[in-house]
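K.L.:
So here's coords01.txt (compact mmCIF, C-alpha atoms).
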# COMPACT_ATOMS: atom_id res chain seq x y z
CA MET A 14 -55.73 -16.77 -41.36
CA THR A 15 -54.37 -16.85 -37.80
CA ASN A 16 -52.76 -19.80 -36.09
CA LYS A 17 -53.98 -20.45 -32.58
CA ARG A 18 -51.62 -22.00 -30.10
CA ALA A 19 -52.65 -25.02 -28.11
CA PRO A 20 -52.95 -24.41 -24.35
CA ASP A 21 -49.71 -26.28 -23.70
CA GLU A 22 -47.92 -24.17 -26.31
CA GLU A 23 -48.64 -20.83 -24.69
CA VAL A 24 -45.61 -18.61 -24.30
CA HIS A 25 -44.92 -17.73 -20.70
CA PRO A 26 -43.02 -14.59 -19.79
CA ALA A 27 -39.41 -15.05 -18.75
CA PRO A 28 -38.99 -15.17 -14.96
CA SER A 29 -37.72 -12.02 -13.33
CA LEU A 30 -34.19 -11.72 -12.01
CA ALA A 31 -35.49 -11.88 -8.44
CA LEU A 32 -37.34 -15.11 -9.19
CA ARG A 33 -34.30 -16.67 -10.88
CA LEU A 34 -32.12 -15.77 -7.90
CA ARG A 35 -34.70 -17.27 -5.55
CA ARG A 36 -34.73 -20.50 -7.53
CA VAL A 37 -30.96 -21.00 -7.62
CA GLY A 38 -30.51 -19.68 -4.08
CA TRP A 39 -29.55 -16.03 -3.66
CA PRO A 40 -27.31 -16.70 -0.60
CA GLY A 41 -25.10 -18.95 -2.73
CA VAL A 42 -24.99 -16.28 -5.43
CA ALA A 43 -24.02 -13.71 -2.80
CA VAL A 44 -21.22 -15.94 -1.50
CA ALA A 45 -19.91 -16.55 -5.01
CA ALA A 46 -19.96 -12.84 -5.87
CA TRP A 47 -18.32 -11.98 -2.54
CA GLY A 48 -15.54 -14.53 -3.11
CA PHE A 49 -14.78 -13.49 -6.69
CA LEU A 50 -14.73 -9.78 -5.79
CA PHE A 51 -12.56 -10.37 -2.73
CA ALA A 52 -10.08 -12.50 -4.69
CA ALA A 53 -9.45 -9.78 -7.27
CA PRO A 54 -7.30 -7.48 -5.05
CA SER A 55 -5.11 -10.39 -3.94
CA PHE A 56 -4.29 -11.33 -7.53
CA VAL A 57 -3.85 -7.70 -8.61
CA TRP A 58 -1.39 -7.05 -5.77
CA ALA A 59 0.42 -10.34 -6.37
CA LEU A 60 0.93 -9.35 -10.01
CA GLY A 61 2.40 -5.98 -9.04
CA GLY A 62 -0.67 -3.76 -9.10
CA THR A 63 -1.17 -1.18 -6.38
CA PHE A 64 -4.85 -0.28 -6.78
CA GLY A 65 -6.27 0.42 -3.32
CA LEU A 66 -3.15 -0.92 -1.64
CA GLN A 67 -1.61 2.22 -0.15
CA THR A 68 -4.84 3.67 1.23
CA THR A 69 -6.53 0.60 2.71
CA VAL A 70 -3.72 -1.71 3.86
CA ALA A 71 -1.15 -1.36 6.66
CA PRO A 72 2.18 0.22 5.53
CA PRO A 73 4.31 -2.83 6.45
CA LEU A 74 2.23 -4.96 4.09
CA VAL A 75 2.41 -2.29 1.40
CA LYS A 76 6.20 -2.33 1.64
CA LEU A 77 6.31 -6.11 1.32
CA ALA A 78 4.20 -5.90 -1.82
CA HIS A 79 6.32 -3.11 -3.32
CA ASP A 80 9.54 -4.96 -2.54
CA ARG A 81 8.11 -8.09 -4.17
CA VAL A 82 9.07 -10.23 -1.17
CA THR A 83 8.72 -13.84 -2.27
CA TRP A 84 6.97 -15.26 0.77
CA PHE A 85 4.47 -12.38 0.85
CA LEU A 86 3.66 -12.80 -2.83
CA ALA A 87 3.07 -16.49 -2.13
CA VAL A 88 0.66 -15.51 0.66
CA LEU A 89 -1.22 -13.23 -1.74
CA TRP A 90 -1.57 -16.03 -4.29
CA VAL A 91 -2.69 -18.53 -1.67
CA THR A 92 -5.25 -16.18 -0.14
CA GLY A 93 -6.52 -15.31 -3.60
CA PHE A 94 -7.14 -18.96 -4.41
CA LEU A 95 -8.72 -19.52 -0.98
CA LYS A 96 -11.19 -16.74 -1.76
CA LEU A 97 -11.96 -18.37 -5.10
CA PHE A 98 -12.48 -21.64 -3.24
CA GLY A 99 -14.98 -19.81 -1.03
CA ALA A 100 -16.81 -18.65 -4.16
CA LEU A 101 -16.97 -22.27 -5.35
CA ILE A 102 -18.41 -23.31 -1.98
CA GLY A 103 -21.16 -20.75 -2.52
CA ILE A 104 -21.89 -22.19 -5.95
CA ALA A 105 -21.93 -25.72 -4.51
CA LEU A 106 -24.47 -24.67 -1.87
CA MET A 107 -26.96 -23.55 -4.53
CA ARG A 108 -28.26 -27.07 -5.12
CA ARG A 109 -28.22 -30.48 -3.47
CA ARG A 110 -25.05 -32.51 -3.80
CA GLY A 111 -24.05 -36.09 -3.07
CA LYS A 112 -24.01 -37.30 0.52
CA TRP A 113 -20.34 -36.70 1.34
CA THR A 114 -19.85 -33.75 -1.02
CA GLY A 115 -22.84 -31.99 0.52
CA ARG A 116 -21.65 -32.60 4.07
CA LEU A 117 -18.14 -31.38 3.28
CA THR A 118 -19.56 -28.28 1.60
CA VAL A 119 -21.75 -27.47 4.60
CA PHE A 120 -18.77 -28.10 6.93
CA CYS A 121 -16.70 -25.56 4.96
CA GLY A 122 -19.60 -23.12 4.93
CA GLY A 123 -19.99 -23.32 8.69
CA GLY A 124 -16.27 -22.79 9.21
CA ALA A 125 -16.18 -19.83 6.82
CA THR A 126 -19.13 -18.25 8.64
CA VAL A 127 -17.34 -18.19 12.00
CA LEU A 128 -13.92 -17.21 10.64
CA LEU A 129 -15.25 -14.29 8.62
CA VAL A 130 -17.63 -12.93 11.26
CA TRP A 131 -14.95 -13.31 13.95
CA HIS A 132 -12.35 -11.50 11.85
CA GLY A 133 -14.77 -8.78 10.81
CA CYS A 134 -15.92 -8.14 14.37
CA GLN A 135 -12.29 -7.83 15.46
CA PHE A 136 -11.74 -5.11 12.86
CA VAL A 137 -14.93 -3.27 13.82
CA ILE A 138 -14.34 -3.45 17.59
CA HIS A 139 -10.73 -2.35 17.18
CA GLY A 140 -11.82 0.55 14.98
CA VAL A 141 -14.49 1.68 17.42
CA LEU A 142 -12.04 1.61 20.33
CA VAL A 143 -9.46 3.62 18.38
CA GLU A 144 -12.02 6.17 17.20
CA ALA A 145 -13.31 6.50 20.76
CA GLY A 146 -9.79 7.13 22.05
CA ALA A 147 -9.81 4.01 24.22
CA ARG A 148 -6.98 2.41 22.27
CA ALA A 149 -3.88 3.91 20.69
CA VAL A 150 -2.24 2.88 17.41
CA ALA A 151 0.99 3.81 15.68
CA PRO A 152 0.87 7.17 13.86
CA ASP A 153 1.22 5.54 10.44
CA LEU A 154 -1.86 3.40 11.13
CA VAL A 155 -4.21 6.17 12.24
CA GLY A 156 -5.46 6.83 8.71
CA LEU A 157 -6.25 3.15 8.18
CA THR A 158 -8.55 2.77 11.19
CA GLY A 159 -11.53 4.10 9.28
CA TRP A 160 -10.94 1.66 6.42
CA TYR A 161 -10.86 -1.34 8.74
CA LEU A 162 -13.88 -0.04 10.66
CA CYS A 163 -16.08 0.90 7.69
CA LEU A 164 -14.79 -1.32 4.86
CA TRP A 165 -12.86 -4.45 5.79
CA GLY A 166 -14.75 -5.24 8.99
CA PRO A 167 -18.25 -4.99 7.46
CA TRP A 168 -17.00 -6.76 4.31
CA PHE A 169 -15.82 -9.79 6.31
CA ILE A 170 -19.04 -9.84 8.35
CA ALA A 171 -21.19 -9.62 5.22
CA GLY A 172 -19.31 -12.57 3.72
CA GLY A 173 -19.79 -14.59 6.90
CA LEU A 174 -23.52 -13.87 7.00
CA ALA A 175 -23.83 -14.85 3.33
CA PHE A 176 -22.15 -18.18 4.08
CA ALA A 177 -24.49 -18.69 7.04
CA ALA A 178 -27.56 -18.03 4.89
CA ALA A 179 -26.31 -20.34 2.12
CA ASP A 180 -25.59 -23.09 4.63
CA ALA A 181 -28.99 -22.70 6.28
CA ARG A 182 -30.80 -22.82 2.94
CA TYR A 183 -28.93 -25.96 1.93
CA VAL A 184 -29.76 -27.68 5.21
CA CYS A 185 -33.45 -26.77 4.96
CA ARG A 186 -33.69 -28.25 1.47
CA HIS A 187 -31.88 -31.47 2.38
CA ASP A 188 -33.60 -34.69 3.44
CA GLY A 189 -31.09 -35.66 6.15
CA ARG A 190 -31.22 -32.30 7.88
CA ARG A 191 -29.89 -33.47 11.23
CA GLU A 192 -26.71 -35.02 9.81
CA VAL A 193 -26.03 -32.09 7.51
CA ARG A 194 -26.71 -29.59 10.30
CA LEU A 195 -24.20 -31.40 12.51
CA CYS A 196 -21.58 -31.06 9.77
CA GLY A 197 -22.17 -27.31 9.63
CA ALA A 198 -21.96 -27.07 13.42
CA ALA A 199 -18.72 -29.08 13.41
CA GLY A 200 -17.22 -26.69 10.86
CA ALA A 201 -18.30 -23.67 12.90
CA LEU A 202 -16.92 -25.14 16.14
CA SER A 203 -13.59 -26.01 14.47
CA ALA A 204 -13.29 -22.46 13.17
CA LEU A 205 -14.14 -21.03 16.58
CA LEU A 206 -11.46 -23.13 18.28
CA LEU A 207 -8.95 -22.09 15.62
CA SER A 208 -9.81 -18.43 16.17
CA LEU A 209 -9.48 -18.72 19.95
CA VAL A 210 -6.10 -20.45 19.62
CA SER A 211 -4.85 -17.78 17.21
CA VAL A 212 -5.82 -15.03 19.65
CA ALA A 213 -4.30 -16.88 22.61
CA THR A 214 -1.02 -17.37 20.76
CA GLY A 215 -0.97 -13.83 19.42
CA ILE A 216 -1.01 -14.78 15.76
CA GLY A 217 -4.63 -13.87 15.09
Could you express the structure from this file as structure tokens?
P.N.:
Amino acid sequence: MTNKRAPDEEVHPAPSLALRLRRVGWPGVAVAAWGFLFAAPSFVWALGGTFGLQTTVAPPLVKLAHDRVTWFLAVLWVTGFLKLFGALIGIALMRRRGKWTGRLTVFCGGGATVLLVWHGCQFVIHGVLVEAGARAVAPDLVGLTGWYLCLWGPWFIAGGLAFAAADARYVCRHDGRREVRLCGAAGALSALLLSLVSVATGIG
């Protein structure tokens, strides 16, 4: 004797990975993954590890890490936690939040977009100029140009574009689009001004 299921008891196949990512918001997932992956080297180097340090980072920074200089270790820890914070922003952008939490999240996302794309483009442009012979660098930095051109530059840009996509998706799914969009624009403008000031003062 066989038991027949009622129509509302039919078993539906589990949604595919692509569908699940689309439901939760793949840009937010991309931002979270980017942040967690990017934070790992900072914590590894702060704890004394050297994986990838000597081949992809400028020698002066490598020396500071090897010498366990206190202020530089503090910078590594801070940057590591900032990257984790970026991952949390990506997670927050996956679904609607409260009024002020959502606006603050979009503000941070807009700022991260500009900062990361700006920084990444600087690396790429500098690398292209060096490779083309239009700009000279110190001999001990020649081997690093390719890393900044092909790894760090694109990595920063990819993170910035992921933040932009996550921000845009959040805005499109929000009722008060205009207000939320303005918060994202304010974050982007603040980051742009900060970047211009850092270049003008020579600390960027």
K.L.:
Give me, as a CSV table (one decimal) with C-alpha atoms, in the frame of the given file, all polymer residues having an atom no more than 6 Å from segment 169-172 of chain A, counting only C-alpha atoms and skipping those fewer than 6 positions away in the same chain.
P.N.:
chain,number,residue,atom,x,y,z
A,129,LEU,CA,-15.2,-14.3,8.6
A,130,VAL,CA,-17.6,-12.9,11.3
A,133,GLY,CA,-14.8,-8.8,10.8
K.L.:
Please identify every residue of segment 121-213 of chain A that has at least one atom no farther than 12 Å from an atom of segment 72-76 of chain A, counting all atoms listed in the file, and for each give the shortest atom pair and the distance in Å to one decimal, arranged by chain then increasing number, as a tab-separated table.
P.N.:
residue	atom	partner	partner_atom	distance
A:Ala151	CA	A:Pro72	CA	10.8
A:Pro152	CA	A:Pro72	CA	10.9
A:Asp153	CA	A:Pro72	CA	7.3
A:Leu154	CA	A:Pro72	CA	7.6
A:Val155	CA	A:Pro72	CA	11.0
A:Gly156	CA	A:Pro72	CA	10.6
A:Leu157	CA	A:Pro72	CA	9.3
K.L.:
Could you produce a table of the residues of segment 48-146 of chain A lying within 12 Å of segment 184-192 of chain A, with the nearest pair of atoms per residue and their separation in Å rounded to one decimal, using all atoms listed in the file, ordered by chain and increasing residue number, as JSON lines?
P.N.:
{"residue": "A:Leu106", "atom": "CA", "partner": "A:Val184", "partner_atom": "CA", "distance": 9.3}
{"residue": "A:Met107", "atom": "CA", "partner": "A:Arg186", "partner_atom": "CA", "distance": 10.2}
{"residue": "A:Arg108", "atom": "CA", "partner": "A:Arg186", "partner_atom": "CA", "distance": 8.6}
{"residue": "A:Arg109", "atom": "CA", "partner": "A:His187", "partner_atom": "CA", "distance": 7.0}
{"residue": "A:Arg110", "atom": "CA", "partner": "A:His187", "partner_atom": "CA", "distance": 9.3}
{"residue": "A:Gly111", "atom": "CA", "partner": "A:His187", "partner_atom": "CA", "distance": 10.6}
{"residue": "A:Lys112", "atom": "CA", "partner": "A:Gly189", "partner_atom": "CA", "distance": 9.2}
{"residue": "A:Trp113", "atom": "CA", "partner": "A:Glu192", "partner_atom": "CA", "distance": 10.7}
{"residue": "A:Gly115", "atom": "CA", "partner": "A:His187", "partner_atom": "CA", "distance": 9.2}
{"residue": "A:Arg116", "atom": "CA", "partner": "A:Glu192", "partner_atom": "CA", "distance": 8.0}
{"residue": "A:Leu117", "atom": "CA", "partner": "A:Glu192", "partner_atom": "CA", "distance": 11.4}
{"residue": "A:Thr118", "atom": "CA", "partner": "A:Val184", "partner_atom": "CA", "distance": 10.8}
{"residue": "A:Val119", "atom": "CA", "partner": "A:Val184", "partner_atom": "CA", "distance": 8.0}
{"residue": "A:Phe120", "atom": "CA", "partner": "A:Glu192", "partner_atom": "CA", "distance": 10.9}
{"residue": "A:Gly122", "atom": "CA", "partner": "A:Val184", "partner_atom": "CA", "distance": 11.1}
{"residue": "A:Gly123", "atom": "CA", "partner": "A:Val184", "partner_atom": "CA", "distance": 11.3}
K.L.:
Identify the residues within 12 Å of coordinate (-15.3, -4.1, 6.1) (same frame as the file), considering only C-alpha atoms, and give the answer as a ChimeraX atom specification.
P.N.:
/A:51,69,129-130,132-138,140,157-173
K.L.:
Using 8 Å of padding on each side, determine the axis-aligned box around all atoms of segment 84-94 of chain A present in the file and give its centre and edge lengths in Å to one decimal, as AutoDock Vina command-line options.
P.N.:
--center_x -0.1 --center_y -15.7 --center_z -1.8 --size_x 30.1 --size_y 22.6 --size_z 21.3
K.L.:
Could the residues of segment 52-79 of chain A that have an atom at most 10 Å from segment 85-97 of chain A be listed as CSV, each with its closest atom pair and the distance in Å to one decimal, counting only C-alpha atoms and ordered by chain and ascending residue number?
P.N.:
residue,atom,partner,partner_atom,distance
A:Ala52,CA,A:Gly93,CA,4.7
A:Ala53,CA,A:Gly93,CA,7.3
A:Pro54,CA,A:Gly93,CA,8.0
A:Ser55,CA,A:Gly93,CA,5.1
A:Phe56,CA,A:Gly93,CA,6.0
A:Val57,CA,A:Leu89,CA,9.2
A:Trp58,CA,A:Leu89,CA,7.4
A:Ala59,CA,A:Leu86,CA,5.4
A:Leu60,CA,A:Leu86,CA,8.4
A:Gly61,CA,A:Leu86,CA,9.3
A:Leu74,CA,A:Phe85,CA,8.4
A:Leu77,CA,A:Phe85,CA,6.6
A:Ala78,CA,A:Leu86,CA,7.0
K.L.:
Please indicate the distance in Å from atom CA of Ala179 of chain A to atom CA of Gly41 of chain A, rounded to one decimal place.
P.N.:
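Pair atom CA of Ala179 of chain A / atom CA of Gly41 of chain A returns 5.2 Å.
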